[in-house]
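For reference, the structure is listed below as structure tokens.
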Amino acid sequence: MSVSEQDQGAPIVPGSPLARVLDDYAVPGLSAGFADRVLAAAEVRPAPLPEVRRTRGERGWRLGRGIAIGIASFGALATAAAATGLLQQFDIPVPTAEKVWASLTGKPPARAAAPAPVIAAAPDAASEPASLARVEIVGPVDTPEELSEAFRRIDEVREGRYAARRETIAQRIDKAIEQRRSAGLPVPTHEEEAAFRQRVDEAQARRQQLADERIAARRAEMERKVANGEALTRKDIVQPLREDARALERLRQLRRMSPEQRREALRQLPPEERRALMDEYRAQRIGAAAPTPAVPAENAPAE
Amino acid sequence: MNASSEPSTSAPRTAGPGDDAALAARLAARDPAALREVIACHAAALHRACYRMTADAHEAEDIVQEACLRLWDQAPKIAARHPIGNQAAATLRLGGWLQRVVTNLAIDRLRRTRRLSDGEVPDSADEAPLADTLIEAGERDGTARALIMALPERQRAAIVLTYYEELSNADAAEAMEMNIKAFESLLHRARAALRQAWTAQGDAP
């Protein structure tokens with residue numbers, strides 16, 4: 001600010017020319033009866049509006065209420081998203097209550113009650129029936145008795161698997177019918193249901209028969225080897241046939257593909273190989289109770 | 001400083017500490033005599049300041065009446081905040097409260113007038129055409145009024161409150177609800193604008 005500007009803004013000194021000019025600004029008096037008019041207006045003036053209910057003291061509570069509502073809404077939305085599986089779609093891990101509790105208490109989470117294993121696990125030594133332990137297999141299988149014992153144990157496992165598959169298939173059929181009934185859709189009659197179950201059983205039986213034929217051929221070969229004095233290891237017994245192994249590996253590869261890639265890969269296969277794979281896949285679908293691919297019974301652990 | 005033609009009403013009485021609180025309590029109790037007392041004490045000064053800001057006697061009376069009625073309305077609340085016998089009662093100054101209301105009302109009305117009319121009240125003080133027109137008005141009273149009217153409304157209020165009403169800068173800042181520093185800056189600009197307008201009239205020594 002320059003000096004002249006400072007002078008311009010300086011106080012107006014009384015008696016100065018400017019002050020004399022300003023002092024000539026005359027003001028008329030209030031009109032007569034001004035006070036009476038104001039009093040009359042006050043008499044007829046409507047009562048002031050009531051005070052707004054929101055006062056300063058309530059502000060904190062309003063803020064807290066807003067925060068509480070926001071947190072509750074967010075929690076409800078997050079819970080709904082977790083319950084509907086939306087968070088998993090975005091790869092957001094949702095810890096279970098057991099994990100959270102375990103992280104708080106420092107104890108390992110208690111295993112949730114797992115669903116009943118679909119496939120009968122290989123019976124461990126402790127739970128094996130006493131009959132299974134009648135012949136002890138020591139080292140490689142090199143005697144017909146030991147081989148028979150191995151076959152018998154494998155058959156035990158196979159029977160367990162078949163029983164579990166049958167049970168699971170029956171459960172799935174019941175569940176599907178129940179779902180249709182609860183959705184108001186038409187459900188099969190008892191006759192239709194029985195016919196359907198019979199078709200499934202027949203398909204299972206066909207599949208089992210095919211497997212039995214393959215297994216019988218393998219067992220005959222293994223018996224011949226043992227009779228010739230060759231010793232069989234666990235790997236020889238459990239390992240699938242070479243062609244079976246190839247088919248299984250191919251199935252595993254196909255499963256890892258997307259549906260489009262899988263269709264394209266199947267188109268490129270030779271027709272007979274594709275047909276075999278589809279048959280194998282259908283057979284597995286029927287007996288989908290087993291989480292592992294349907295493999296020849298020899299794949300099951302022998303002990 | 002006040003012109004001889006000012007109303008003969010006496011200057012605002014000097015209220016002792018707590019007097020205004022007692023008056024507010026009477027107003028809150030709807031005592032018309034209390035309102036009459038307030039008018040007798042403050043209306044003339046309020047009208048004077050208001051007239052110098054608006055240059056309209058009727059408008060000034062209207063504004064003062066509105067301020068008094070607002071005091072009548074707000075009295076219960078004011079009395080509740082300044083109960084008699086309390087320390088807060090000593091700080092109550094009804095004159096200052098009314099001055100603040102009147103100043104705000106006057107500024108509001110001036111702004112409204114400026115919006116509705118076509119630049120009857122100029123925005124800046126140093127517009128030569130206006131000064132020339134005012135010089136042609138002739139009379140000294142008219143000159144003083146023209147000088148004041150040429151100021152923007154807030155600068156006008158600052159000059160009226162500090163020069164004519166002789167309020168301290170702090171009181172004037174409170175009446176205009178401003179920070180003291182901001183008010184001093186405004187007052188500085190107002191004085192400078194006033195001098196420039198006066199110089200433009202050619203009456204400067």
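In the structure tokens, the first chain shown is A, the next is B, and so on; residue numbers restart at 1 for each chain, and ligands run from 1 in the order shown.
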### Message
Residues within 12 Å of Pro50 of chain A, please, as a PyMOL selection string. Count only C-alpha atoms; anything in the same chain fewer than 4 positions from it doesn't count.
### Response
(chain A and resi 46+54) or (chain B and resi 73-74+76-77)
Report task. At a cut-off of 12 Å, list the chain A residues touching chain B, using only C-alpha atoms, as JSON, numbers by chain. Result -> {"A": [1, 4, 5, 6, 7, 8, 9, 10, 11, 12, 13, 14, 15, 16, 17, 18, 19, 20, 21, 22, 23, 24, 25, 26, 27, 28, 29, 30, 31, 32, 33, 34, 35, 36, 37, 38, 39, 40, 41, 42, 43, 44, 45, 46, 47, 48, 49, 50, 51]}
Restricting to only C-alpha atoms, whichever of B:Leu46, B:Leu167, B:Cys41, B:Ala29 is closest to Val102 of chain B is B:Leu46
Practice item. Just the residues within 10 Å of Ala173 of chain B, please, counting only C-alpha atoms, with nothing from its chain fewer than 3 positions along; format it as JSON, numbers by chain. Key: {"B": [100, 158, 161, 162, 167, 168, 169, 170, 176, 177, 178, 179, 180, 181, 182, 183, 184, 186, 187]}
Could those residues be written to a file, using all heavy atoms, as a tab-separated table (two decimals), in the first residue's frame?
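Final output, saved to out.tsv:
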```
chain	number	residue	atom	x	y	z
B	100	ARG	N	-26.97	-4.16	15.43
B	100	ARG	CA	-26.57	-5.24	14.52
B	100	ARG	C	-27.74	-5.64	13.61
B	100	ARG	O	-27.58	-5.81	12.40
B	100	ARG	CB	-26.12	-6.45	15.35
B	100	ARG	CG	-25.53	-7.56	14.52
B	100	ARG	CD	-24.69	-8.49	15.37
B	100	ARG	NE	-25.46	-9.17	16.40
B	100	ARG	CZ	-25.25	-9.05	17.70
B	100	ARG	NH1	-24.28	-8.27	18.14
B	100	ARG	NH2	-25.99	-9.70	18.57
B	158	ALA	N	-19.96	1.00	7.29
B	158	ALA	CA	-18.75	1.22	8.11
B	158	ALA	C	-18.56	2.71	8.39
B	158	ALA	O	-18.24	3.11	9.52
B	158	ALA	CB	-17.53	0.65	7.39
B	161	LEU	N	-21.39	3.97	10.82
B	161	LEU	CA	-21.25	3.51	12.20
B	161	LEU	C	-20.07	4.18	12.90
B	161	LEU	O	-20.17	4.53	14.08
B	161	LEU	CB	-21.08	1.98	12.24
B	161	LEU	CG	-22.32	1.17	11.84
B	161	LEU	CD1	-21.98	-0.32	11.81
B	161	LEU	CD2	-23.47	1.42	12.80
B	162	THR	N	-18.96	4.35	12.19
B	162	THR	CA	-17.77	4.88	12.87
B	162	THR	C	-17.72	6.40	12.85
B	162	THR	O	-17.33	7.01	13.85
B	162	THR	CB	-16.49	4.35	12.20
B	162	THR	OG1	-16.53	4.66	10.81
B	162	THR	CG2	-16.35	2.85	12.40
B	167	LEU	N	-19.09	4.97	16.80
B	167	LEU	CA	-18.82	3.68	17.45
B	167	LEU	C	-17.33	3.36	17.31
B	167	LEU	O	-16.68	3.77	16.34
B	167	LEU	CB	-19.63	2.55	16.80
B	167	LEU	CG	-21.16	2.57	16.96
B	167	LEU	CD1	-21.76	1.33	16.29
B	167	LEU	CD2	-21.54	2.62	18.42
B	168	SER	N	-16.82	2.66	18.29
B	168	SER	CA	-15.43	2.19	18.15
B	168	SER	C	-15.38	1.13	17.05
B	168	SER	O	-16.41	0.56	16.65
B	168	SER	CB	-14.97	1.59	19.47
B	168	SER	OG	-15.71	0.42	19.74
B	169	ASN	N	-14.18	0.91	16.56
B	169	ASN	CA	-14.03	-0.10	15.51
B	169	ASN	C	-14.54	-1.47	15.99
B	169	ASN	O	-15.17	-2.20	15.22
B	169	ASN	CB	-12.57	-0.22	15.09
B	169	ASN	CG	-12.14	0.96	14.24
B	169	ASN	OD1	-12.93	1.87	13.97
B	169	ASN	ND2	-10.88	0.97	13.83
B	170	ALA	N	-14.28	-1.78	17.23
B	170	ALA	CA	-14.71	-3.08	17.73
B	170	ALA	C	-16.23	-3.18	17.76
B	170	ALA	O	-16.82	-4.19	17.35
B	170	ALA	CB	-14.14	-3.31	19.13
B	176	MET	N	-21.57	-5.24	12.57
B	176	MET	CA	-21.59	-5.79	11.21
B	176	MET	C	-21.21	-7.26	11.20
B	176	MET	O	-21.07	-7.85	10.13
B	176	MET	CB	-20.62	-4.99	10.33
B	176	MET	CG	-21.09	-3.56	10.10
B	176	MET	SD	-20.06	-2.67	8.94
B	176	MET	CE	-20.45	-3.54	7.43
B	177	GLU	N	-21.05	-7.82	12.40
B	177	GLU	CA	-20.70	-9.24	12.53
B	177	GLU	C	-19.47	-9.58	11.72
B	177	GLU	O	-19.46	-10.49	10.90
B	177	GLU	CB	-21.89	-10.12	12.11
B	177	GLU	CG	-23.09	-9.94	13.00
B	177	GLU	CD	-24.28	-10.76	12.56
B	177	GLU	OE1	-24.50	-10.86	11.34
B	177	GLU	OE2	-24.99	-11.29	13.42
B	178	MET	N	-18.44	-8.79	11.97
B	178	MET	CA	-17.19	-8.98	11.23
B	178	MET	C	-16.03	-9.13	12.20
B	178	MET	O	-16.10	-8.66	13.34
B	178	MET	CB	-16.90	-7.78	10.31
B	178	MET	CG	-17.82	-7.64	9.13
B	178	MET	SD	-17.39	-6.19	8.17
B	178	MET	CE	-15.89	-6.74	7.39
B	179	ASN	N	-14.98	-9.72	11.69
B	179	ASN	CA	-13.71	-9.74	12.41
B	179	ASN	C	-13.16	-8.31	12.44
B	179	ASN	O	-13.34	-7.55	11.50
B	179	ASN	CB	-12.77	-10.68	11.63
B	179	ASN	CG	-11.41	-10.76	12.25
B	179	ASN	OD1	-10.67	-9.77	12.22
B	179	ASN	ND2	-11.08	-11.91	12.78
B	180	ILE	N	-12.51	-7.95	13.52
B	180	ILE	CA	-12.04	-6.57	13.67
B	180	ILE	C	-11.05	-6.19	12.57
B	180	ILE	O	-11.10	-5.07	12.02
B	180	ILE	CB	-11.43	-6.36	15.08
B	180	ILE	CG1	-10.95	-4.93	15.27
B	180	ILE	CG2	-10.30	-7.33	15.34
B	180	ILE	CD1	-12.05	-3.91	15.30
B	181	LYS	N	-10.20	-7.13	12.20
B	181	LYS	CA	-9.22	-6.84	11.14
B	181	LYS	C	-9.93	-6.64	9.81
B	181	LYS	O	-9.60	-5.72	9.05
B	181	LYS	CB	-8.21	-7.99	11.02
B	181	LYS	CG	-7.29	-8.12	12.21
B	181	LYS	CD	-6.30	-6.99	12.23
B	181	LYS	CE	-5.37	-7.09	13.43
B	181	LYS	NZ	-4.55	-5.87	13.58
B	182	ALA	N	-10.88	-7.47	9.55
B	182	ALA	CA	-11.61	-7.34	8.29
B	182	ALA	C	-12.38	-6.03	8.27
B	182	ALA	O	-12.47	-5.36	7.23
B	182	ALA	CB	-12.57	-8.52	8.13
B	183	PHE	N	-12.92	-5.66	9.44
B	183	PHE	CA	-13.67	-4.40	9.48
B	183	PHE	C	-12.73	-3.22	9.25
B	183	PHE	O	-13.09	-2.27	8.54
B	183	PHE	CB	-14.37	-4.25	10.83
B	183	PHE	CG	-15.08	-2.94	10.95
B	183	PHE	CD1	-16.31	-2.74	10.33
B	183	PHE	CD2	-14.52	-1.88	11.64
B	183	PHE	CE1	-16.96	-1.52	10.41
B	183	PHE	CE2	-15.15	-0.66	11.72
B	183	PHE	CZ	-16.38	-0.48	11.11
B	184	GLU	N	-11.57	-3.25	9.86
B	184	GLU	CA	-10.63	-2.14	9.67
B	184	GLU	C	-10.21	-2.02	8.21
B	184	GLU	O	-10.06	-0.92	7.69
B	184	GLU	CB	-9.42	-2.33	10.58
B	184	GLU	CG	-9.74	-2.02	12.04
B	184	GLU	CD	-8.60	-2.36	12.99
B	184	GLU	OE1	-7.60	-2.95	12.53
B	184	GLU	OE2	-8.73	-2.05	14.16
B	186	LEU	N	-12.09	-2.94	5.71
B	186	LEU	CA	-13.26	-2.40	5.02
B	186	LEU	C	-13.36	-0.89	5.25
B	186	LEU	O	-13.65	-0.11	4.31
B	186	LEU	CB	-14.51	-3.11	5.55
B	186	LEU	CG	-15.84	-2.57	5.05
B	186	LEU	CD1	-16.06	-2.95	3.59
B	186	LEU	CD2	-16.99	-3.10	5.90
B	187	LEU	N	-13.13	-0.47	6.47
B	187	LEU	CA	-13.22	0.95	6.80
B	187	LEU	C	-12.18	1.75	6.05
B	187	LEU	O	-12.45	2.87	5.55
B	187	LEU	CB	-13.05	1.13	8.31
B	187	LEU	CG	-13.17	2.54	8.85
B	187	LEU	CD1	-14.55	3.10	8.54
B	187	LEU	CD2	-12.94	2.56	10.37
```
_Atomic distance atom CA of Asp20 of chain B - atom CA of Ala90 of chain B, expressed in Å with one decimal_ =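 Interatomic distance here is 8.0 Å.
Near segment 184-200 of chain A, within 10 Å and counting only C-alpha atoms, sit Arg166, Ile169, Ala170, Ile173, Asp174, Ala176, Ile177, Glu178, Gln179, Arg180, Arg181, Ala203, Gln204, Ala205, Arg206, Ile286 and Gly287 of chain A; same-chain residues fewer than 3 positions away were not included.
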Q: Name the residues of segment 77-278 of chain A that come out as helix (DSSP H, G or I) in a backbone DSSP run; write them as a PyMOL selection string.
A: chain A and resi 77-83+86-89+97-105+130-134+144-182+190-227+234-238+242-256+259-268+271-278
For the residues in the current selection, export C-alpha atoms as a compact mmCIF listing (two decimals), in the first residue's frame.
```
# COMPACT_ATOMS: atom_id res chain seq x y z
CA LEU A 77 -24.62 -55.69 3.24
CA ALA A 78 -21.31 -57.43 3.95
CA THR A 79 -23.08 -60.33 5.60
CA ALA A 80 -25.47 -60.65 2.70
CA ALA A 81 -22.58 -60.54 0.24
CA ALA A 82 -20.68 -63.19 2.17
CA ALA A 83 -23.76 -65.38 2.52
CA LEU A 86 -20.50 -62.68 -3.84
CA LEU A 87 -17.22 -62.06 -2.07
CA GLN A 88 -15.79 -65.37 -3.26
CA GLN A 89 -16.52 -64.34 -6.82
CA ALA A 97 -16.40 -68.20 12.46
CA GLU A 98 -14.22 -71.08 13.61
CA LYS A 99 -11.13 -69.52 12.07
CA VAL A 100 -11.88 -66.15 13.60
CA TRP A 101 -12.44 -67.73 16.99
CA ALA A 102 -9.27 -69.76 16.62
CA SER A 103 -7.30 -66.63 15.75
CA LEU A 104 -8.66 -65.00 18.90
CA THR A 105 -8.10 -67.89 21.22
CA ALA A 130 -9.87 -109.84 11.77
CA SER A 131 -10.45 -111.94 8.69
CA LEU A 132 -8.32 -109.58 6.60
CA ALA A 133 -5.29 -110.21 8.70
CA ARG A 134 -5.35 -113.90 8.23
CA PRO A 144 -0.30 -117.27 -4.72
CA GLU A 145 -1.59 -116.97 -1.14
CA GLU A 146 -0.28 -113.48 -0.79
CA LEU A 147 -1.70 -112.53 -4.16
CA SER A 148 -5.10 -113.96 -3.23
CA GLU A 149 -4.95 -111.99 -0.01
CA ALA A 150 -4.15 -108.82 -1.95
CA PHE A 151 -7.02 -109.47 -4.33
CA ARG A 152 -9.35 -110.10 -1.43
CA ARG A 153 -8.40 -106.81 0.23
CA ILE A 154 -8.85 -104.96 -3.03
CA ASP A 155 -12.27 -106.53 -3.45
CA GLU A 156 -13.19 -105.34 0.02
CA VAL A 157 -12.33 -101.78 -0.95
CA ARG A 158 -14.16 -102.09 -4.23
CA GLU A 159 -17.29 -103.32 -2.52
CA GLY A 160 -17.11 -100.40 -0.15
CA ARG A 161 -16.80 -98.01 -3.06
CA TYR A 162 -19.69 -99.54 -4.91
CA ALA A 163 -21.88 -99.41 -1.83
CA ALA A 164 -21.00 -95.77 -1.24
CA ARG A 165 -21.73 -94.91 -4.86
CA ARG A 166 -25.08 -96.63 -4.76
CA GLU A 167 -25.96 -94.82 -1.57
CA THR A 168 -24.95 -91.44 -2.98
CA ILE A 169 -26.86 -91.98 -6.18
CA ALA A 170 -29.95 -92.87 -4.20
CA GLN A 171 -29.53 -89.74 -2.09
CA ARG A 172 -29.13 -87.56 -5.14
CA ILE A 173 -32.24 -88.95 -6.75
CA ASP A 174 -34.22 -88.37 -3.55
CA LYS A 175 -32.84 -84.84 -3.27
CA ALA A 176 -33.68 -84.00 -6.87
CA ILE A 177 -37.23 -85.24 -6.45
CA GLU A 178 -37.60 -83.30 -3.23
CA GLN A 179 -36.33 -80.13 -4.87
CA ARG A 180 -38.79 -80.51 -7.72
CA ARG A 181 -41.58 -81.09 -5.26
CA SER A 182 -40.71 -78.03 -3.19
CA HIS A 190 -43.46 -94.23 -8.11
CA GLU A 191 -43.38 -96.33 -11.23
CA GLU A 192 -41.31 -93.74 -13.12
CA GLU A 193 -38.97 -93.38 -10.19
CA ALA A 194 -38.54 -97.13 -9.88
CA ALA A 195 -37.86 -97.38 -13.63
CA PHE A 196 -35.30 -94.62 -13.40
CA ARG A 197 -33.55 -96.21 -10.48
CA GLN A 198 -33.52 -99.46 -12.33
CA ARG A 199 -31.89 -97.84 -15.37
CA VAL A 200 -29.23 -96.36 -13.15
CA ASP A 201 -28.61 -99.70 -11.50
CA GLU A 202 -28.35 -101.36 -14.88
CA ALA A 203 -25.84 -98.79 -16.06
CA GLN A 204 -23.85 -99.33 -12.90
CA ALA A 205 -23.98 -103.04 -13.38
CA ARG A 206 -22.76 -102.72 -16.98
CA ARG A 207 -19.93 -100.55 -15.89
CA GLN A 208 -19.04 -102.90 -13.10
CA GLN A 209 -19.15 -105.80 -15.49
CA LEU A 210 -16.72 -104.07 -17.84
CA ALA A 211 -14.44 -103.31 -14.95
CA ASP A 212 -14.67 -106.88 -13.72
CA GLU A 213 -13.67 -108.15 -17.13
CA ARG A 214 -10.65 -105.89 -17.25
CA ILE A 215 -9.71 -106.76 -13.71
CA ALA A 216 -10.05 -110.47 -14.36
CA ALA A 217 -7.66 -110.19 -17.28
CA ARG A 218 -5.16 -108.27 -15.18
CA ARG A 219 -5.44 -110.66 -12.30
CA ALA A 220 -4.91 -113.61 -14.62
CA GLU A 221 -1.74 -111.99 -15.87
CA MET A 222 -0.55 -111.28 -12.34
CA GLU A 223 -1.31 -114.84 -11.26
CA ARG A 224 0.69 -116.08 -14.20
CA LYS A 225 3.61 -113.92 -13.19
CA VAL A 226 3.51 -115.12 -9.59
CA ALA A 227 3.25 -118.71 -10.80
CA ARG A 234 2.44 -102.80 -4.55
CA LYS A 235 3.12 -100.60 -7.52
CA ASP A 236 2.58 -103.49 -9.91
CA ILE A 237 -0.77 -104.25 -8.37
CA VAL A 238 -2.09 -100.74 -7.79
CA ARG A 242 -0.98 -98.20 -19.37
CA GLU A 243 -4.00 -97.46 -21.57
CA ASP A 244 -6.11 -96.73 -18.50
CA ALA A 245 -3.48 -94.37 -17.21
CA ARG A 246 -3.42 -92.53 -20.48
CA ALA A 247 -7.19 -92.21 -20.53
CA LEU A 248 -7.27 -90.98 -16.96
CA GLU A 249 -4.59 -88.44 -17.60
CA ARG A 250 -6.49 -87.21 -20.62
CA LEU A 251 -9.66 -86.95 -18.61
CA ARG A 252 -7.82 -84.97 -15.97
CA GLN A 253 -6.51 -82.61 -18.63
CA LEU A 254 -9.96 -82.17 -20.06
CA ARG A 255 -11.37 -81.39 -16.66
CA ARG A 256 -8.87 -78.61 -16.19
CA PRO A 259 -15.97 -75.90 -21.52
CA GLU A 260 -15.05 -74.30 -24.86
CA GLN A 261 -11.50 -75.63 -24.76
CA ARG A 262 -12.82 -79.03 -23.77
CA ARG A 263 -15.20 -79.15 -26.71
CA GLU A 264 -12.43 -78.16 -29.09
CA ALA A 265 -10.03 -80.74 -27.64
CA LEU A 266 -12.65 -83.46 -27.97
CA ARG A 267 -13.29 -82.50 -31.58
CA GLN A 268 -9.62 -82.91 -32.39
CA PRO A 271 -13.30 -90.68 -33.19
CA GLU A 272 -12.71 -93.95 -31.38
CA GLU A 273 -10.64 -92.28 -28.68
CA ARG A 274 -13.24 -89.56 -28.28
CA ARG A 275 -15.98 -92.17 -28.00
CA ALA A 276 -14.03 -94.05 -25.36
CA LEU A 277 -13.44 -90.91 -23.40
CA MET A 278 -17.08 -89.93 -23.56
```
| message | Please report the interatomic distance between atom CA of Glu59 of chain B and atom CA of Ala106 of chain B in Å with one decimal. | response |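 About the pair atom CA of Glu59 of chain B and atom CA of Ala106 of chain B: they are 8.8 Å apart.
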